[in-house]
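**Student:** start_33.txt is reproduced in full below (compact mmCIF, C-alpha atoms).
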```
# COMPACT_ATOMS: atom_id res chain seq x y z
CA MET Z 3 0.00 0.00 0.00
CA ALA Z 4 1.38 3.35 -0.97
CA LEU Z 5 0.93 6.57 0.95
CA VAL Z 6 0.99 9.74 -1.11
CA LEU Z 7 1.74 12.93 0.80
CA ARG Z 8 0.60 16.05 -1.02
CA VAL Z 9 2.37 19.23 0.00
CA PRO Z 10 0.57 22.56 -0.56
CA ALA Z 11 2.35 24.47 -3.32
CA LYS Z 12 2.26 27.68 -1.33
CA ILE Z 13 4.49 26.43 1.49
CA PHE Z 14 7.63 28.09 0.22
CA GLN Z 15 6.12 30.58 -2.21
CA HIS Z 16 7.03 33.55 -0.04
CA ASP Z 17 9.06 34.31 3.07
CA ASN Z 18 9.08 31.04 4.97
CA PRO Z 19 12.82 31.17 5.70
CA THR Z 20 15.38 29.50 7.85
CA LEU Z 21 14.59 26.54 10.00
CA PHE Z 22 15.44 24.39 12.79
CA SER Z 23 18.14 22.54 14.44
CA GLY Z 24 18.83 20.47 17.48
CA GLY Z 25 21.25 18.56 19.62
CA ARG Z 26 24.75 19.48 20.54
CA ARG Z 27 27.29 18.05 18.13
CA GLN Z 28 24.75 16.96 15.60
CA ASN Z 29 21.91 18.34 13.58
CA SER Z 30 18.57 17.12 14.90
CA VAL Z 31 14.87 17.71 14.69
CA ALA Z 32 12.63 16.86 17.62
CA LEU Z 33 8.91 16.69 16.98
CA PHE Z 34 6.68 16.88 20.04
CA SER Z 35 9.49 15.97 22.40
CA GLY Z 36 8.82 16.05 26.12
CA SER Z 37 10.47 18.20 28.78
CA THR Z 38 14.24 18.57 28.51
CA GLY Z 39 16.89 20.22 30.61
CA TRP Z 40 16.81 23.17 28.24
CA SER Z 41 13.07 23.59 28.37
CA CYS Z 42 13.08 23.48 32.16
CA SER Z 43 15.79 26.14 32.35
CA VAL Z 44 13.84 28.44 30.10
CA PHE Z 45 10.19 27.78 30.74
CA GLY Z 46 10.12 26.08 34.12
CA ARG Z 47 8.73 22.66 35.08
CA GLN Z 48 5.48 21.35 33.66
CA LYS Z 49 3.04 18.99 35.36
CA LEU Z 50 2.82 16.63 32.41
CA ALA Z 51 4.81 16.49 29.22
CA THR Z 52 3.57 14.30 26.38
CA ARG Z 53 6.29 12.63 24.32
CA ILE Z 54 5.03 11.56 20.92
CA LEU Z 55 7.79 11.44 18.36
CA SER Z 56 11.42 12.38 18.05
CA MET Z 57 13.74 12.23 15.07
CA SER Z 58 17.43 12.95 14.76
CA THR Z 59 20.02 12.75 12.04
CA PRO Z 60 23.80 12.48 12.33
CA PRO Z 61 25.95 15.42 11.26
CA ILE Z 62 25.96 15.92 7.50
CA GLN Z 63 29.45 15.40 6.16
CA HIS Z 64 30.72 16.67 2.84
CA LEU Z 65 30.80 13.77 0.39
CA GLU Z 66 34.16 12.46 -0.74
CA LYS Z 67 32.79 11.06 -4.00
CA PRO Z 68 30.92 12.88 -6.77
CA SER Z 69 27.21 12.48 -7.28
CA ALA Z 70 26.02 9.42 -9.13
CA SER Z 71 24.72 11.80 -11.77
CA SER Z 72 28.01 11.75 -13.66
CA GLN Z 73 26.64 13.96 -16.39
CA HIS Z 74 26.81 16.88 -13.93
CA LEU Z 75 30.47 16.45 -13.06
CA GLY Z 76 32.28 19.68 -13.82
CA LEU Z 77 29.06 21.70 -13.96
CA PRO Z 78 30.22 25.33 -13.66
CA ILE Z 79 28.80 27.35 -10.78
CA MET Z 80 29.42 30.94 -9.72
CA VAL Z 81 29.04 31.41 -5.97
CA ASN Z 82 28.35 35.04 -5.12
CA GLY Z 83 29.25 35.90 -1.54
CA CYS Z 84 31.93 33.18 -1.68
CA ASN Z 85 34.06 34.95 0.93
CA GLY Z 86 31.26 34.59 3.49
CA LYS Z 87 30.95 31.53 5.72
CA MET Z 88 27.92 30.17 3.89
CA GLY Z 89 29.50 30.75 0.51
CA ARG Z 90 32.66 28.92 1.54
CA ASP Z 91 30.70 25.94 2.81
CA VAL Z 92 28.73 25.77 -0.44
CA ILE Z 93 31.95 25.73 -2.48
CA GLN Z 94 33.38 22.99 -0.28
CA ALA Z 95 30.25 20.85 -0.73
CA ALA Z 96 30.15 21.61 -4.47
CA VAL Z 97 33.80 20.60 -5.00
CA SER Z 98 33.19 17.37 -3.06
CA ALA Z 99 30.21 16.65 -5.35
CA GLY Z 100 32.30 17.17 -8.48
CA LEU Z 101 30.98 20.60 -9.47
CA HIS Z 102 33.27 23.33 -10.80
CA PRO Z 103 33.27 26.75 -9.07
CA VAL Z 104 34.40 29.41 -11.55
CA PRO Z 105 37.14 31.85 -10.41
CA VAL Z 106 34.79 34.85 -10.27
CA SER Z 107 32.43 36.10 -7.54
CA PHE Z 108 30.52 39.29 -6.72
CA SER Z 109 31.05 41.02 -3.40
CA ARG Z 110 31.03 44.48 -1.80
CA ALA Z 111 32.74 47.52 -3.31
CA GLU Z 112 35.49 47.62 -0.68
CA GLU Z 113 36.46 44.03 -1.53
CA SER Z 114 36.55 44.54 -5.31
CA GLY Z 115 39.77 43.37 -6.89
CA GLN Z 116 40.70 41.07 -4.02
CA THR Z 117 41.47 37.40 -4.61
CA VAL Z 118 40.40 34.84 -2.02
CA GLU Z 119 41.28 31.17 -1.78
CA VAL Z 120 38.46 28.73 -1.09
CA CYS Z 121 39.06 24.97 -1.09
CA GLY Z 122 42.34 25.50 -2.90
CA LYS Z 123 40.70 27.59 -5.63
CA GLU Z 124 41.55 31.24 -6.20
CA ILE Z 125 38.47 33.39 -6.81
CA LYS Z 126 38.56 37.06 -7.81
CA LEU Z 127 35.99 39.33 -6.17
CA HIS Z 128 34.16 42.06 -8.10
CA GLY Z 129 32.17 44.93 -6.63
CA PRO Z 130 28.99 46.53 -7.99
CA SER Z 131 30.74 48.34 -10.85
CA GLY Z 132 30.40 46.65 -14.23
CA ARG Z 133 28.70 43.56 -12.91
CA GLU Z 134 26.45 43.06 -15.92
CA SER Z 135 29.32 42.92 -18.41
CA ILE Z 136 31.38 40.73 -16.07
CA LEU Z 137 28.55 38.24 -15.62
CA ALA Z 138 27.85 38.19 -19.37
CA SER Z 139 31.51 37.39 -20.08
CA VAL Z 140 31.46 34.56 -17.52
CA VAL Z 141 28.35 33.10 -19.16
CA ASP Z 142 30.10 33.28 -22.56
CA GLU Z 143 33.04 31.33 -21.16
CA TYR Z 144 30.86 28.87 -19.22
CA PRO Z 145 27.60 28.40 -21.21
CA ASN Z 146 26.08 25.96 -18.69
CA LEU Z 147 26.74 28.29 -15.74
CA ILE Z 148 24.42 28.28 -12.72
CA VAL Z 149 24.78 31.13 -10.22
CA VAL Z 150 24.48 30.49 -6.48
CA ASP Z 151 23.49 33.51 -4.39
CA TYR Z 152 24.50 33.67 -0.73
CA THR Z 153 25.13 37.38 -0.37
CA VAL Z 154 23.04 39.41 2.12
CA PRO Z 155 19.24 39.61 2.52
CA ASP Z 156 18.62 42.97 0.93
CA ALA Z 157 20.88 42.19 -2.01
CA VAL Z 158 17.93 40.23 -3.37
CA ASN Z 159 16.26 43.43 -4.59
CA ALA Z 160 17.27 46.26 -2.28
CA SER Z 161 16.50 49.91 -2.84
CA ASN Z 162 18.25 53.17 -2.04
CA LEU Z 163 15.19 54.11 -0.02
CA LYS Z 164 15.79 51.33 2.50
CA TYR Z 165 19.44 52.29 2.86
CA GLN Z 166 18.41 55.88 3.54
CA GLN Z 167 15.79 54.80 6.08
CA ILE Z 168 18.33 52.82 8.10
CA THR Z 169 20.89 55.63 7.81
CA ASN Z 170 18.34 58.11 9.17
CA HIS Z 171 17.50 55.72 12.01
CA VAL Z 172 21.16 55.46 13.02
CA ARG Z 173 21.52 59.25 12.91
CA ARG Z 174 18.71 59.54 15.46
CA GLU Z 175 20.48 57.36 18.00
CA ARG Z 176 22.00 58.82 21.14
CA LEU Z 177 25.70 58.37 20.42
CA THR Z 178 28.46 58.74 22.96
CA SER Z 179 30.37 62.02 22.80
CA HIS Z 180 33.36 60.19 21.32
CA ALA Z 181 31.17 58.61 18.64
CA GLU Z 182 29.58 61.99 17.87
CA GLU Z 183 33.02 63.53 17.26
CA ARG Z 184 34.03 60.70 14.98
CA TRP Z 185 30.67 60.91 13.22
CA LYS Z 186 31.16 64.61 12.45
CA ALA Z 187 34.69 63.96 11.23
CA GLN Z 188 33.45 61.34 8.79
CA GLU Z 189 30.24 63.04 7.65
CA GLY Z 190 29.31 61.88 4.19
CA THR Z 191 31.36 58.67 4.41
CA GLU Z 192 30.84 55.32 6.08
CA PRO Z 193 29.21 56.03 9.47
CA PHE Z 194 31.31 55.36 12.55
CA LEU Z 195 29.45 53.71 15.38
CA SER Z 196 31.01 52.86 18.71
CA ASN Z 197 30.69 49.36 20.11
CA THR Z 198 29.41 50.94 23.31
CA VAL Z 199 26.44 52.64 21.69
CA TRP Z 200 23.06 50.99 22.12
CA ASN Z 201 19.81 51.33 20.20
CA PRO Z 202 17.18 52.64 22.67
CA TRP Z 203 14.38 50.97 20.69
CA LYS Z 204 15.65 47.38 20.76
CA PRO Z 205 18.32 45.49 22.77
CA VAL Z 206 20.65 45.29 19.76
CA LYS Z 207 24.07 46.95 19.60
CA ILE Z 208 24.35 49.80 17.13
CA GLU Z 209 27.47 48.14 15.74
CA HIS Z 210 25.11 45.65 14.10
CA TRP Z 211 23.33 48.47 12.29
CA SER Z 212 26.70 49.70 11.08
CA LEU Z 213 27.45 46.24 9.72
CA LEU Z 214 24.10 46.22 7.94
CA LEU Z 215 24.78 49.61 6.36
CA LYS Z 216 28.15 48.42 5.10
CA ARG Z 217 26.56 45.40 3.52
CA MET Z 218 23.88 47.52 1.89
CA ARG Z 219 26.58 49.21 -0.18
CA PHE Z 220 26.51 45.93 -2.09
CA GLU Z 221 22.75 45.41 -1.80
CA ASP Z 222 21.75 48.25 -4.09
CA THR Z 223 23.01 46.22 -7.02
CA ASN Z 224 19.86 44.06 -7.06
CA ASN Z 225 21.08 40.55 -7.70
CA ALA Z 226 17.89 38.86 -8.91
CA GLU Z 227 17.23 41.43 -11.62
CA LEU Z 228 20.84 41.16 -12.78
CA TYR Z 229 20.61 37.37 -13.20
CA CYS Z 230 17.32 37.71 -15.04
CA LYS Z 231 18.62 40.47 -17.31
CA VAL Z 232 21.68 38.45 -18.32
CA GLY Z 233 19.55 35.31 -18.58
CA VAL Z 234 21.54 33.07 -16.26
CA PRO Z 235 19.79 30.41 -14.12
CA PHE Z 236 20.36 30.69 -10.39
CA VAL Z 237 19.87 29.11 -6.98
CA MET Z 238 19.06 31.69 -4.31
CA GLY Z 239 19.35 30.77 -0.66
CA THR Z 240 19.43 34.38 0.53
CA THR Z 241 16.53 35.45 2.74
CA GLY Z 242 14.83 38.83 2.81
CA GLY Z 243 14.07 41.30 0.07
CA ASP Z 244 10.69 41.86 -1.56
CA ARG Z 245 9.70 38.26 -2.28
CA GLU Z 246 6.66 39.10 -4.44
CA ARG Z 247 8.80 41.37 -6.58
CA LEU Z 248 11.46 38.65 -6.74
CA TYR Z 249 9.05 36.00 -8.06
CA LYS Z 250 7.53 38.42 -10.55
CA THR Z 251 10.96 39.42 -11.87
CA VAL Z 252 11.97 35.80 -12.42
CA LYS Z 253 8.62 34.84 -13.93
CA ASP Z 254 8.72 37.72 -16.41
CA SER Z 255 12.28 36.86 -17.46
CA ASN Z 256 11.56 33.14 -18.01
CA VAL Z 257 14.85 32.25 -16.31
CA TYR Z 258 15.22 28.92 -14.48
CA ALA Z 259 15.66 29.33 -10.71
CA VAL Z 260 15.44 27.55 -7.39
CA ILE Z 261 14.42 30.09 -4.77
CA SER Z 262 14.25 28.96 -1.16
CA PRO Z 263 15.21 30.86 1.98
CA GLN Z 264 15.68 27.45 3.62
CA MET Z 265 18.05 25.04 1.89
CA GLY Z 266 18.22 22.37 4.59
CA LYS Z 267 16.35 19.42 3.05
CA GLN Z 268 15.36 17.79 6.34
CA VAL Z 269 14.25 21.11 7.77
CA VAL Z 270 12.14 21.81 4.68
CA ALA Z 271 10.50 18.38 5.03
CA PHE Z 272 9.73 19.15 8.69
CA LEU Z 273 8.16 22.48 7.82
CA ALA Z 274 6.08 20.82 5.09
CA ALA Z 275 4.78 18.34 7.68
CA MET Z 276 3.88 21.20 10.00
CA GLU Z 277 1.97 22.93 7.20
CA ILE Z 278 0.05 19.75 6.39
CA MET Z 279 -0.88 19.27 10.05
CA ALA Z 280 -2.07 22.87 10.28
CA GLU Z 281 -4.24 22.53 7.18
CA GLN Z 282 -5.71 19.14 8.09
CA PHE Z 283 -6.31 19.81 11.80
CA PRO Z 284 -7.15 23.52 12.17
CA GLY Z 285 -7.85 24.56 15.73
CA ALA Z 286 -6.35 21.39 17.22
CA PHE Z 287 -4.44 23.46 19.80
CA SER Z 288 -7.08 26.08 20.51
CA GLY Z 289 -6.67 27.54 23.98
CA TYR Z 290 -3.04 26.44 24.30
CA SER Z 291 -0.41 29.03 25.12
CA LEU Z 292 2.81 29.20 23.12
CA GLN Z 293 6.34 30.24 24.00
CA VAL Z 294 8.95 30.55 21.26
CA MET Z 295 12.69 30.88 21.67
CA GLU Z 296 15.22 31.08 18.84
CA SER Z 297 18.98 31.50 19.02
CA HIS Z 298 21.27 32.52 16.16
CA GLN Z 299 24.71 34.08 15.79
CA ALA Z 300 24.86 37.66 17.07
CA SER Z 301 25.06 39.14 13.56
CA LYS Z 302 21.51 37.98 12.77
CA LEU Z 303 19.29 40.95 13.59
CA ASP Z 304 15.82 39.79 12.61
CA ILE Z 305 13.55 37.00 13.81
CA SER Z 306 14.27 33.67 12.15
CA GLY Z 307 12.22 33.13 9.01
CA THR Z 308 11.82 29.51 10.04
CA ALA Z 309 10.33 30.60 13.35
CA LYS Z 310 7.91 32.84 11.46
CA ALA Z 311 6.79 29.93 9.31
CA VAL Z 312 6.28 27.57 12.25
CA ILE Z 313 4.45 30.24 14.26
CA SER Z 314 2.12 30.70 11.28
CA CYS Z 315 1.32 26.98 11.43
CA PHE Z 316 0.57 27.18 15.14
CA GLN Z 317 -1.73 30.11 14.52
CA LYS Z 318 -3.69 27.98 12.05
CA LEU Z 319 -3.83 25.29 14.73
CA GLY Z 320 -5.67 27.74 16.96
CA VAL Z 321 -2.86 29.24 19.05
CA SER Z 322 -2.90 32.97 19.71
CA PHE Z 323 0.64 34.33 19.35
CA GLU Z 324 2.30 37.45 17.93
CA LEU Z 325 5.76 37.57 16.40
CA ASP Z 326 6.98 40.20 18.87
CA GLN Z 327 6.47 37.66 21.67
CA THR Z 328 9.34 35.58 20.28
CA GLN Z 329 12.36 35.41 22.57
CA GLN Z 330 15.47 36.09 20.51
CA ILE Z 331 18.75 34.99 22.07
CA ARG Z 332 21.80 36.73 20.63
CA ASP Z 333 24.05 37.01 23.69
CA PRO Z 334 26.85 34.40 23.50
CA LYS Z 335 26.88 33.79 27.24
CA GLN Z 336 23.15 33.04 27.31
CA GLN Z 337 23.49 30.88 24.21
CA VAL Z 338 26.05 28.68 25.94
CA GLU Z 339 24.62 28.59 29.46
CA MET Z 340 20.87 28.72 28.84
CA VAL Z 341 20.36 27.36 25.33
CA GLY Z 342 23.22 24.87 25.24
CA VAL Z 343 24.95 26.01 22.05
CA PRO Z 344 28.47 24.54 21.76
CA GLU Z 345 31.01 27.37 21.94
CA GLU Z 346 32.57 26.44 18.61
CA TYR Z 347 29.22 27.09 16.90
CA LEU Z 348 28.38 30.46 18.43
CA ASN Z 349 29.15 32.10 15.08
CA GLY Z 350 27.03 29.68 13.10
CA HIS Z 351 23.97 27.99 14.58
CA ALA Z 352 20.18 27.98 14.44
CA PHE Z 353 18.38 26.73 17.55
CA HIS Z 354 14.59 26.86 17.80
CA MET Z 355 12.13 25.72 20.48
CA TYR Z 356 8.33 26.00 20.56
CA HIS Z 357 6.62 25.14 23.84
CA LEU Z 358 2.84 24.61 24.01
CA THR Z 359 0.92 24.41 27.28
CA SER Z 360 -2.70 23.44 27.81
CA PRO Z 361 -5.11 25.91 29.47
CA ASP Z 362 -5.07 23.95 32.75
CA GLN Z 363 -1.26 23.59 32.69
CA THR Z 364 -1.45 19.77 32.81
CA VAL Z 365 -0.23 19.01 29.27
CA SER Z 366 2.71 20.38 27.32
CA PHE Z 367 4.18 19.81 23.87
CA GLU Z 368 7.57 20.82 22.58
CA PHE Z 369 8.83 21.25 19.02
CA GLN Z 370 12.58 21.61 18.86
CA HIS Z 371 15.05 21.76 15.98
CA ASN Z 372 18.70 22.77 16.33
CA VAL Z 373 21.42 23.11 13.71
CA CYS Z 374 25.12 23.53 14.42
CA GLY Z 375 27.16 24.80 11.52
CA ARG Z 376 26.09 25.24 7.91
CA SER Z 377 26.75 21.89 6.22
CA ILE Z 378 23.05 20.98 6.09
CA TYR Z 379 22.35 24.11 4.00
CA ALA Z 380 25.42 23.66 1.81
CA GLU Z 381 24.53 20.07 0.91
CA GLY Z 382 20.94 21.08 0.16
CA THR Z 383 22.23 23.84 -2.10
CA VAL Z 384 24.29 21.36 -4.11
CA ASP Z 385 21.22 19.15 -4.55
CA ALA Z 386 19.30 22.21 -5.75
CA ILE Z 387 22.04 23.01 -8.30
CA ILE Z 388 22.01 19.48 -9.73
CA PHE Z 389 18.19 19.47 -9.74
CA LEU Z 390 18.08 22.75 -11.66
CA ALA Z 391 20.67 21.55 -14.18
CA LYS Z 392 18.46 18.54 -14.93
CA LYS Z 393 15.42 20.76 -15.44
CA ILE Z 394 17.34 23.01 -17.82
CA GLN Z 395 18.72 20.05 -19.73
CA SER Z 396 15.24 18.53 -20.16
CA GLY Z 397 13.71 21.86 -21.21
CA ALA Z 398 11.13 21.73 -18.41
CA GLU Z 399 8.17 24.03 -18.85
CA GLN Z 400 8.18 25.13 -15.20
CA ARG Z 401 10.89 27.70 -14.52
CA ILE Z 402 10.65 28.62 -10.81
CA TYR Z 403 11.21 25.94 -8.18
CA ASN Z 404 11.74 25.63 -4.44
CA MET Z 405 13.20 23.01 -2.10
CA ILE Z 406 9.89 21.16 -1.92
CA ASP Z 407 10.29 20.50 -5.65
CA VAL Z 408 13.84 19.29 -5.04
CA LEU Z 409 12.61 16.92 -2.32
CA ARG Z 410 9.82 15.58 -4.54
CA GLU Z 411 12.31 14.79 -7.30
CA GLY Z 412 14.16 12.33 -5.10
CA ASN Z 413 17.54 10.90 -6.17
CA MET Z 414 19.34 13.21 -3.74
CA ARG Z 415 22.85 12.37 -2.66
```
Before anything else, please render the file you have as structure tokens.

**Tutor:**
Amino acid sequence: MALVLRVPAKIFQHDNPTLFSGGRRQNSVALFSGSTGWSCSVFGRQKLATRILSMSTPPIQHLEKPSASSQHLGLPIMVNGCNGKMGRDVIQAAVSAGLHPVPVSFSRAEESGQTVEVCGKEIKLHGPSGRESILASVVDEYPNLIVVDYTVPDAVNASNLKYQQITNHVRRERLTSHAEERWKAQEGTEPFLSNTVWNPWKPVKIEHWSLLLKRMRFEDTNNAELYCKVGVPFVMGTTGGDRERLYKTVKDSNVYAVISPQMGKQVVAFLAAMEIMAEQFPGAFSGYSLQVMESHQASKLDISGTAKAVISCFQKLGVSFELDQTQQIRDPKQQVEMVGVPEEYLNGHAFHMYHLTSPDQTVSFEFQHNVCGRSIYAEGTVDAIIFLAKKIQSGAEQRIYNMIDVLREGNMR
């Protein structure tokens, strides 16, 4: 007897980004797990915890042998943002799978002209200037090129307006006298922001806003429109940007693309299951209270897109919860002591926990998924590249895909 699981097409149509992770030295996903040491330290003891199902997977290792799909060996890929941690991991996974990273990548203006070495390959970085002609020349040299985009969120389709809005926000902050002097001295250039300055609106250091502004120097270049204009297929794992505009741009251009803010295959499957449960059993958790905690590296300013997607499912299941109730952990000390993040993964992790409690406090459910490192996303990206190459080769009528499509295809490494 066969069981066919139909996944709603809308699951990853818009901003249902990054997902879960669990366990210490391994990636894991726990579904309805009962009380744990972590949950007790954060939410206190519960009278009754119901344990239904748990699932874990060992750490994903980069493959030593190429994919069985030998026709894709040497497939040229251009990894933009290759000097970032995610970009480097993608190149490592791609090389292990037999793909061929080309020696060109786009980056920020201040890094233009630099050459970086990734997995023994030298790659020249190019800033915003002349990107269209550079990309066109790369496509001429590598006709089967697929671009991989792991730059920054607003590079998807950023605007000068957003840059100006953030700049104006920073200008309104109450800077220290030292920072004010430096600010005046550098008026009209890159804003100086002291590490000691704090945003009075949110508990986030102003230095993070400065980092965001620096990155937005690159964002204005609008990556998606560039790829569509040149006519090069791409895999985009970057979150953020105007997603509706992104899909419209790609659709109008007729370019092949895999667009998914979450590239972890197992995480995507988990989110799909959550969406199915929400659609088939609406109101199943009516009256239950929800607590959500997510922990990411300190440089991540916004709420996890994965958390947003899971919260949306809980809302369909009848739980009343607003996004601003989410507890965001960005302090390294809390991440180690309270959340249990291994110190070596403080700069690259994604821990999520959702705790449901019945109205009479006698029953509790916990959804937990924690990821240490980035290998799960890198391996999923390589699968997406190979999947897209097959679709291009077969002349598939559909042009825009997501990771659900990649999962449905099967034959993953």

**Student:** Enumerate, as a ChimeraX atom specification, the protein, DNA and RNA residues whose atoms approach (30.5, 50.1, -10.1) to within 12 Å, taking into account all atoms listed in the file and the coordinate frame of the file.

**Tutor:** /Z:108-112,114-115,128-136,219-220,222-223

**Student:** Separation of CA of Gly320 in chain Z and CA of Ala280 in chain Z, in Å?

**Tutor:**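 Distance reported for this atom pair: 9.0 Å.
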
**Student:** List the spatial neighbours of Phe236 in chain Z as a PyMOL selection string - criterion: any atom at most 12 Å away, all atoms listed in the file, same-chain residues fewer than 3 positions off excluded.

**Tutor:** chain Z and resi 78-82+146-152+225-230+232-233+239-240+252+256-262+383-384+386-391+394+401-404

**Student:** Would you work out the distance separating CA of Leu248 in chain Z from CA of Met405 in chain Z, expressed in Å to one decimal?

**Tutor:**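 If I compute the distance from CA of Leu248 in chain Z to CA of Met405 in chain Z, I get 16.4 Å.
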
**Student:** Please identify all polymer residues lying at most 6 Å from the point (19.5, 24.3, 3.8) (file coordinates), using all atoms listed in the file, and present the result as a list of chain:residue names.

**Tutor:** Z:Gln264, Z:Met265, Z:Gly266, Z:Lys267, Z:Ile378, Z:Tyr379, Z:Gly382

**Student:** What separation in Å, quoted to one decimal, exists between CA of His357 in chain Z and CA of Val294 in chain Z?

**Tutor:**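 These two atoms are separated by 6.4 Å.
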